[in-house]
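This is my_file_2.pdb. It holds PDB, N, CA and C atoms.
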```
ATOM      1  N   MET X   1     -51.455  52.903 -24.396  1.00  0.00           N
ATOM      2  CA  MET X   1     -50.647  52.084 -23.499  1.00  0.00           C
ATOM      3  C   MET X   1     -49.178  52.226 -23.877  1.00  0.00           C
ATOM      4  N   THR X   2     -48.349  52.460 -22.906  1.00  0.00           N
ATOM      5  CA  THR X   2     -46.917  52.622 -23.124  1.00  0.00           C
ATOM      6  C   THR X   2     -46.230  51.269 -23.055  1.00  0.00           C
ATOM      7  N   THR X   3     -45.331  51.021 -24.017  1.00  0.00           N
ATOM      8  CA  THR X   3     -44.566  49.776 -24.029  1.00  0.00           C
ATOM      9  C   THR X   3     -43.084  50.110 -24.080  1.00  0.00           C
ATOM     10  N   VAL X   4     -42.265  49.103 -23.980  1.00  0.00           N
ATOM     11  CA  VAL X   4     -40.812  49.275 -24.015  1.00  0.00           C
ATOM     12  C   VAL X   4     -40.366  49.886 -25.346  1.00  0.00           C
ATOM     13  N   LYS X   5     -41.132  49.666 -26.409  1.00  0.00           N
ATOM     14  CA  LYS X   5     -40.800  50.220 -27.725  1.00  0.00           C
ATOM     15  C   LYS X   5     -40.930  51.745 -27.759  1.00  0.00           C
ATOM     16  N   ASP X   6     -41.564  52.330 -26.764  1.00  0.00           N
ATOM     17  CA  ASP X   6     -41.735  53.779 -26.698  1.00  0.00           C
ATOM     18  C   ASP X   6     -40.516  54.482 -26.098  1.00  0.00           C
ATOM     19  N   PHE X   7     -39.494  53.709 -25.748  1.00  0.00           N
ATOM     20  CA  PHE X   7     -38.308  54.269 -25.110  1.00  0.00           C
ATOM     21  C   PHE X   7     -37.048  53.855 -25.848  1.00  0.00           C
ATOM     22  N   PHE X   8     -36.025  54.696 -25.739  1.00  0.00           N
ATOM     23  CA  PHE X   8     -34.706  54.393 -26.281  1.00  0.00           C
ATOM     24  C   PHE X   8     -33.775  54.207 -25.092  1.00  0.00           C
ATOM     25  N   PHE X   9     -33.177  53.027 -25.000  1.00  0.00           N
ATOM     26  CA  PHE X   9     -32.259  52.713 -23.918  1.00  0.00           C
ATOM     27  C   PHE X   9     -30.838  52.905 -24.447  1.00  0.00           C
ATOM     28  N   CYS X  10     -30.176  53.907 -23.933  1.00  0.00           N
ATOM     29  CA  CYS X  10     -28.863  54.304 -24.431  1.00  0.00           C
ATOM     30  C   CYS X  10     -27.784  53.769 -23.494  1.00  0.00           C
ATOM     31  N   TYR X  11     -26.910  52.929 -24.017  1.00  0.00           N
ATOM     32  CA  TYR X  11     -25.832  52.360 -23.212  1.00  0.00           C
ATOM     33  C   TYR X  11     -24.489  53.034 -23.484  1.00  0.00           C
ATOM     34  N   SER X  12     -24.491  54.084 -24.291  1.00  0.00           N
ATOM     35  CA  SER X  12     -23.268  54.798 -24.644  1.00  0.00           C
ATOM     36  C   SER X  12     -23.279  56.196 -24.028  1.00  0.00           C
ATOM     37  N   ARG X  13     -22.247  56.486 -23.231  1.00  0.00           N
ATOM     38  CA  ARG X  13     -22.156  57.814 -22.626  1.00  0.00           C
ATOM     39  C   ARG X  13     -21.996  58.872 -23.714  1.00  0.00           C
ATOM     40  N   ARG X  14     -21.255  58.564 -24.763  1.00  0.00           N
ATOM     41  CA  ARG X  14     -21.052  59.517 -25.858  1.00  0.00           C
ATOM     42  C   ARG X  14     -22.369  59.868 -26.541  1.00  0.00           C
ATOM     43  N   VAL X  15     -23.188  58.867 -26.805  1.00  0.00           N
ATOM     44  CA  VAL X  15     -24.484  59.111 -27.443  1.00  0.00           C
ATOM     45  C   VAL X  15     -25.374  59.904 -26.500  1.00  0.00           C
ATOM     46  N   MET X  16     -25.366  59.553 -25.227  1.00  0.00           N
ATOM     47  CA  MET X  16     -26.175  60.284 -24.254  1.00  0.00           C
ATOM     48  C   MET X  16     -25.762  61.747 -24.205  1.00  0.00           C
ATOM     49  N   MET X  17     -24.460  62.026 -24.184  1.00  0.00           N
ATOM     50  CA  MET X  17     -23.970  63.398 -24.143  1.00  0.00           C
ATOM     51  C   MET X  17     -24.360  64.151 -25.419  1.00  0.00           C
ATOM     52  N   TYR X  18     -24.308  63.468 -26.559  1.00  0.00           N
ATOM     53  CA  TYR X  18     -24.733  64.090 -27.819  1.00  0.00           C
ATOM     54  C   TYR X  18     -26.212  64.456 -27.750  1.00  0.00           C
ATOM     55  N   LEU X  19     -27.044  63.521 -27.322  1.00  0.00           N
ATOM     56  CA  LEU X  19     -28.481  63.785 -27.241  1.00  0.00           C
ATOM     57  C   LEU X  19     -28.771  64.949 -26.294  1.00  0.00           C
ATOM     58  N   LYS X  20     -28.072  65.002 -25.172  1.00  0.00           N
ATOM     59  CA  LYS X  20     -28.252  66.125 -24.242  1.00  0.00           C
ATOM     60  C   LYS X  20     -27.833  67.436 -24.898  1.00  0.00           C
ATOM     61  N   SER X  21     -26.753  67.410 -25.677  1.00  0.00           N
ATOM     62  CA  SER X  21     -26.242  68.638 -26.292  1.00  0.00           C
ATOM     63  C   SER X  21     -27.185  69.201 -27.349  1.00  0.00           C
ATOM     64  N   VAL X  22     -28.024  68.340 -27.930  1.00  0.00           N
ATOM     65  CA  VAL X  22     -28.981  68.822 -28.932  1.00  0.00           C
ATOM     66  C   VAL X  22     -30.383  68.996 -28.342  1.00  0.00           C
ATOM     67  N   GLY X  23     -30.482  68.938 -27.011  1.00  0.00           N
ATOM     68  CA  GLY X  23     -31.718  69.333 -26.355  1.00  0.00           C
ATOM     69  C   GLY X  23     -32.614  68.251 -25.791  1.00  0.00           C
ATOM     70  N   PHE X  24     -32.179  67.014 -25.811  1.00  0.00           N
ATOM     71  CA  PHE X  24     -32.999  65.933 -25.258  1.00  0.00           C
ATOM     72  C   PHE X  24     -32.617  65.682 -23.798  1.00  0.00           C
ATOM     73  N   ALA X  25     -33.598  65.329 -23.006  1.00  0.00           N
ATOM     74  CA  ALA X  25     -33.362  65.007 -21.599  1.00  0.00           C
ATOM     75  C   ALA X  25     -33.756  63.550 -21.366  1.00  0.00           C
ATOM     76  N   PHE X  26     -32.936  62.833 -20.617  1.00  0.00           N
ATOM     77  CA  PHE X  26     -33.274  61.445 -20.321  1.00  0.00           C
ATOM     78  C   PHE X  26     -34.250  61.386 -19.155  1.00  0.00           C
ATOM     79  N   LEU X  27     -35.046  60.329 -19.138  1.00  0.00           N
ATOM     80  CA  LEU X  27     -36.026  60.137 -18.067  1.00  0.00           C
ATOM     81  C   LEU X  27     -35.383  59.576 -16.810  1.00  0.00           C
ATOM     82  N   LEU X  28     -34.443  58.662 -17.007  1.00  0.00           N
ATOM     83  CA  LEU X  28     -33.773  58.071 -15.858  1.00  0.00           C
ATOM     84  C   LEU X  28     -32.428  57.523 -16.262  1.00  0.00           C
ATOM     85  N   CYS X  29     -31.601  57.362 -15.267  1.00  0.00           N
ATOM     86  CA  CYS X  29     -30.288  56.745 -15.421  1.00  0.00           C
ATOM     87  C   CYS X  29     -30.285  55.568 -14.451  1.00  0.00           C
ATOM     88  N   ALA X  30     -29.877  54.392 -14.934  1.00  0.00           N
ATOM     89  CA  ALA X  30     -29.925  53.203 -14.090  1.00  0.00           C
ATOM     90  C   ALA X  30     -28.863  52.209 -14.539  1.00  0.00           C
ATOM     91  N   TYR X  31     -28.789  51.093 -13.848  1.00  0.00           N
ATOM     92  CA  TYR X  31     -27.882  50.009 -14.206  1.00  0.00           C
ATOM     93  C   TYR X  31     -28.701  48.791 -14.606  1.00  0.00           C
ATOM     94  N   HIS X  32     -28.282  48.155 -15.708  1.00  0.00           N
ATOM     95  CA  HIS X  32     -28.940  46.934 -16.158  1.00  0.00           C
ATOM     96  C   HIS X  32     -28.803  45.877 -15.062  1.00  0.00           C
ATOM     97  N   GLU X  33     -29.869  45.168 -14.830  1.00  0.00           N
ATOM     98  CA  GLU X  33     -29.936  44.235 -13.700  1.00  0.00           C
ATOM     99  C   GLU X  33     -28.878  43.130 -13.744  1.00  0.00           C
ATOM    100  N   THR X  34     -28.630  42.559 -14.913  1.00  0.00           N
ATOM    101  CA  THR X  34     -27.688  41.442 -14.966  1.00  0.00           C
ATOM    102  C   THR X  34     -26.293  41.848 -15.423  1.00  0.00           C
ATOM    103  N   SER X  35     -26.194  42.771 -16.386  1.00  0.00           N
ATOM    104  CA  SER X  35     -24.881  43.158 -16.901  1.00  0.00           C
ATOM    105  C   SER X  35     -24.230  44.267 -16.076  1.00  0.00           C
ATOM    106  N   LEU X  36     -25.033  44.961 -15.279  1.00  0.00           N
ATOM    107  CA  LEU X  36     -24.583  46.093 -14.466  1.00  0.00           C
ATOM    108  C   LEU X  36     -24.026  47.237 -15.306  1.00  0.00           C
ATOM    109  N   GLN X  37     -24.414  47.290 -16.577  1.00  0.00           N
ATOM    110  CA  GLN X  37     -24.026  48.408 -17.431  1.00  0.00           C
ATOM    111  C   GLN X  37     -24.960  49.583 -17.187  1.00  0.00           C
ATOM    112  N   LYS X  38     -24.389  50.760 -17.121  1.00  0.00           N
ATOM    113  CA  LYS X  38     -25.173  51.975 -16.926  1.00  0.00           C
ATOM    114  C   LYS X  38     -25.903  52.310 -18.227  1.00  0.00           C
ATOM    115  N   TYR X  39     -27.138  52.781 -18.098  1.00  0.00           N
ATOM    116  CA  TYR X  39     -27.878  53.215 -19.279  1.00  0.00           C
ATOM    117  C   TYR X  39     -28.749  54.412 -18.936  1.00  0.00           C
ATOM    118  N   TRP X  40     -29.153  55.115 -19.999  1.00  0.00           N
ATOM    119  CA  TRP X  40     -30.020  56.276 -19.881  1.00  0.00           C
ATOM    120  C   TRP X  40     -31.250  56.000 -20.732  1.00  0.00           C
ATOM    121  N   MET X  41     -32.422  56.299 -20.225  1.00  0.00           N
ATOM    122  CA  MET X  41     -33.670  56.019 -20.931  1.00  0.00           C
ATOM    123  C   MET X  41     -34.274  57.332 -21.435  1.00  0.00           C
ATOM    124  N   PHE X  42     -34.535  57.374 -22.745  1.00  0.00           N
ATOM    125  CA  PHE X  42     -35.140  58.522 -23.398  1.00  0.00           C
ATOM    126  C   PHE X  42     -36.490  58.112 -23.966  1.00  0.00           C
ATOM    127  N   VAL X  43     -37.407  59.057 -24.069  1.00  0.00           N
ATOM    128  CA  VAL X  43     -38.675  58.809 -24.759  1.00  0.00           C
ATOM    129  C   VAL X  43     -38.367  58.777 -26.253  1.00  0.00           C
ATOM    130  N   ARG X  44     -38.820  57.742 -26.936  1.00  0.00           N
ATOM    131  CA  ARG X  44     -38.577  57.611 -28.376  1.00  0.00           C
ATOM    132  C   ARG X  44     -39.587  58.481 -29.125  1.00  0.00           C
ATOM    133  N   THR X  45     -39.068  59.457 -29.864  1.00  0.00           N
ATOM    134  CA  THR X  45     -39.883  60.355 -30.679  1.00  0.00           C
ATOM    135  C   THR X  45     -39.280  60.412 -32.077  1.00  0.00           C
ATOM    136  N   PRO X  46     -40.031  60.912 -33.056  1.00  0.00           N
ATOM    137  CA  PRO X  46     -39.436  61.086 -34.389  1.00  0.00           C
ATOM    138  C   PRO X  46     -38.207  62.009 -34.348  1.00  0.00           C
ATOM    139  N   GLU X  47     -38.241  63.032 -33.505  1.00  0.00           N
ATOM    140  CA  GLU X  47     -37.113  63.951 -33.382  1.00  0.00           C
ATOM    141  C   GLU X  47     -35.881  63.241 -32.814  1.00  0.00           C
ATOM    142  N   LEU X  48     -36.090  62.372 -31.831  1.00  0.00           N
ATOM    143  CA  LEU X  48     -34.984  61.614 -31.260  1.00  0.00           C
ATOM    144  C   LEU X  48     -34.397  60.674 -32.306  1.00  0.00           C
ATOM    145  N   SER X  49     -35.255  60.015 -33.069  1.00  0.00           N
ATOM    146  CA  SER X  49     -34.775  59.115 -34.122  1.00  0.00           C
ATOM    147  C   SER X  49     -33.962  59.875 -35.160  1.00  0.00           C
ATOM    148  N   LYS X  50     -34.393  61.078 -35.498  1.00  0.00           N
ATOM    149  CA  LYS X  50     -33.667  61.916 -36.458  1.00  0.00           C
ATOM    150  C   LYS X  50     -32.302  62.292 -35.890  1.00  0.00           C
ATOM    151  N   ALA X  51     -32.257  62.673 -34.625  1.00  0.00           N
ATOM    152  CA  ALA X  51     -30.985  63.028 -33.986  1.00  0.00           C
ATOM    153  C   ALA X  51     -30.035  61.833 -33.944  1.00  0.00           C
ATOM    154  N   LEU X  52     -30.564  60.651 -33.669  1.00  0.00           N
ATOM    155  CA  LEU X  52     -29.735  59.458 -33.663  1.00  0.00           C
ATOM    156  C   LEU X  52     -29.177  59.165 -35.057  1.00  0.00           C
ATOM    157  N   GLY X  53     -30.004  59.393 -36.073  1.00  0.00           N
ATOM    158  CA  GLY X  53     -29.555  59.220 -37.459  1.00  0.00           C
ATOM    159  C   GLY X  53     -28.436  60.181 -37.797  1.00  0.00           C
ATOM    160  N   SER X  54     -28.529  61.416 -37.324  1.00  0.00           N
ATOM    161  CA  SER X  54     -27.486  62.415 -37.552  1.00  0.00           C
ATOM    162  C   SER X  54     -26.201  62.019 -36.819  1.00  0.00           C
ATOM    163  N   TYR X  55     -26.323  61.470 -35.632  1.00  0.00           N
ATOM    164  CA  TYR X  55     -25.156  61.058 -34.864  1.00  0.00           C
ATOM    165  C   TYR X  55     -24.414  59.927 -35.580  1.00  0.00           C
ATOM    166  N   ASN X  56     -25.159  59.023 -36.175  1.00  0.00           N
ATOM    167  CA  ASN X  56     -24.558  57.850 -36.815  1.00  0.00           C
ATOM    168  C   ASN X  56     -23.864  58.171 -38.130  1.00  0.00           C
ATOM    169  N   LYS X  57     -24.109  59.362 -38.688  1.00  0.00           N
ATOM    170  CA  LYS X  57     -23.474  59.725 -39.966  1.00  0.00           C
ATOM    171  C   LYS X  57     -22.039  60.137 -39.807  1.00  0.00           C
TER     172      LYS X  57
END
```
Same coordinates, now as structure tokens:
Amino acid sequence: MTTVKDFFFCYSRRVMMYLKSVGFAFLLCAYHETSLQKYWMFVRTPELSKALGSYNK
């Protein structure tokens, strides 16, 4: 069963562009219902978590 924890919701265009540059593709791009902030949804994988760790360094 898939839950919200299986996805990474990215609210930063810079982070999204970084993830795309290292080979990840987002599932969808949307706007948060109440804040109207744009976000990109990625499948959360160990590889994605590693890439996020590298970005934060």
Translate the PyMOL selection byres ((chain X and resi 44) around 8) into a concrete residue list for this structure, as a PDB file with N, CA and C atoms, in the coordinates of the input.
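To be explicit, this is the file written out as out21.pdb:
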```
ATOM      1  N   LYS X   5     -41.132  49.666 -26.409  1.00  0.00           N
ATOM      2  CA  LYS X   5     -40.800  50.220 -27.725  1.00  0.00           C
ATOM      3  C   LYS X   5     -40.930  51.745 -27.759  1.00  0.00           C
ATOM      4  N   ASP X   6     -41.564  52.330 -26.764  1.00  0.00           N
ATOM      5  CA  ASP X   6     -41.735  53.779 -26.698  1.00  0.00           C
ATOM      6  C   ASP X   6     -40.516  54.482 -26.098  1.00  0.00           C
ATOM      7  N   PHE X   7     -39.494  53.709 -25.748  1.00  0.00           N
ATOM      8  CA  PHE X   7     -38.308  54.269 -25.110  1.00  0.00           C
ATOM      9  C   PHE X   7     -37.048  53.855 -25.848  1.00  0.00           C
ATOM     10  N   PHE X   8     -36.025  54.696 -25.739  1.00  0.00           N
ATOM     11  CA  PHE X   8     -34.706  54.393 -26.281  1.00  0.00           C
ATOM     12  C   PHE X   8     -33.775  54.207 -25.092  1.00  0.00           C
ATOM     13  N   PHE X   9     -33.177  53.027 -25.000  1.00  0.00           N
ATOM     14  CA  PHE X   9     -32.259  52.713 -23.918  1.00  0.00           C
ATOM     15  C   PHE X   9     -30.838  52.905 -24.447  1.00  0.00           C
ATOM     16  N   MET X  41     -32.422  56.299 -20.225  1.00  0.00           N
ATOM     17  CA  MET X  41     -33.670  56.019 -20.931  1.00  0.00           C
ATOM     18  C   MET X  41     -34.274  57.332 -21.435  1.00  0.00           C
ATOM     19  N   PHE X  42     -34.535  57.374 -22.745  1.00  0.00           N
ATOM     20  CA  PHE X  42     -35.140  58.522 -23.398  1.00  0.00           C
ATOM     21  C   PHE X  42     -36.490  58.112 -23.966  1.00  0.00           C
ATOM     22  N   VAL X  43     -37.407  59.057 -24.069  1.00  0.00           N
ATOM     23  CA  VAL X  43     -38.675  58.809 -24.759  1.00  0.00           C
ATOM     24  C   VAL X  43     -38.367  58.777 -26.253  1.00  0.00           C
ATOM     25  N   THR X  45     -39.068  59.457 -29.864  1.00  0.00           N
ATOM     26  CA  THR X  45     -39.883  60.355 -30.679  1.00  0.00           C
ATOM     27  C   THR X  45     -39.280  60.412 -32.077  1.00  0.00           C
ATOM     28  N   PRO X  46     -40.031  60.912 -33.056  1.00  0.00           N
ATOM     29  CA  PRO X  46     -39.436  61.086 -34.389  1.00  0.00           C
ATOM     30  C   PRO X  46     -38.207  62.009 -34.348  1.00  0.00           C
ATOM     31  N   GLU X  47     -38.241  63.032 -33.505  1.00  0.00           N
ATOM     32  CA  GLU X  47     -37.113  63.951 -33.382  1.00  0.00           C
ATOM     33  C   GLU X  47     -35.881  63.241 -32.814  1.00  0.00           C
ATOM     34  N   LEU X  48     -36.090  62.372 -31.831  1.00  0.00           N
ATOM     35  CA  LEU X  48     -34.984  61.614 -31.260  1.00  0.00           C
ATOM     36  C   LEU X  48     -34.397  60.674 -32.306  1.00  0.00           C
ATOM     37  N   SER X  49     -35.255  60.015 -33.069  1.00  0.00           N
ATOM     38  CA  SER X  49     -34.775  59.115 -34.122  1.00  0.00           C
ATOM     39  C   SER X  49     -33.962  59.875 -35.160  1.00  0.00           C
TER      40      SER X  49
END
```
Near segment 15-24 of chain X, counting only N, CA and C atoms, which residues have an atom at most 8 Å away, once you skip same-chain residues fewer than 3 positions from it, shown as a short mmCIF file (atom, residue, chain, number, x, y, z; two decimals) with N, CA and C atoms, in the frame of the given file?
```
data_model
loop_
_atom_site.label_atom_id
_atom_site.label_comp_id
_atom_site.auth_asym_id
_atom_site.auth_seq_id
_atom_site.Cartn_x
_atom_site.Cartn_y
_atom_site.Cartn_z
N CYS X 10 -30.18 53.91 -23.93
CA CYS X 10 -28.86 54.30 -24.43
C CYS X 10 -27.78 53.77 -23.49
N TYR X 11 -26.91 52.93 -24.02
CA TYR X 11 -25.83 52.36 -23.21
C TYR X 11 -24.49 53.03 -23.48
N SER X 12 -24.49 54.08 -24.29
CA SER X 12 -23.27 54.80 -24.64
C SER X 12 -23.28 56.20 -24.03
N LEU X 27 -35.05 60.33 -19.14
CA LEU X 27 -36.03 60.14 -18.07
C LEU X 27 -35.38 59.58 -16.81
N TRP X 40 -29.15 55.12 -20.00
CA TRP X 40 -30.02 56.28 -19.88
C TRP X 40 -31.25 56.00 -20.73
N PHE X 42 -34.53 57.37 -22.74
CA PHE X 42 -35.14 58.52 -23.40
C PHE X 42 -36.49 58.11 -23.97
N LEU X 48 -36.09 62.37 -31.83
CA LEU X 48 -34.98 61.61 -31.26
C LEU X 48 -34.40 60.67 -32.31
N ALA X 51 -32.26 62.67 -34.62
CA ALA X 51 -30.98 63.03 -33.99
C ALA X 51 -30.04 61.83 -33.94
N LEU X 52 -30.56 60.65 -33.67
CA LEU X 52 -29.74 59.46 -33.66
C LEU X 52 -29.18 59.16 -35.06
N TYR X 55 -26.32 61.47 -35.63
CA TYR X 55 -25.16 61.06 -34.86
C TYR X 55 -24.41 59.93 -35.58
#
```
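For the atom pair formed by atom N of Leu28 of chain X and atom N of Met1 of chain X, the distance is 19.4 Å, given to one decimal.
Atom pair atom CA of Thr2 of chain X / atom N of Lys57 of chain X: separated by 28.4 Å.
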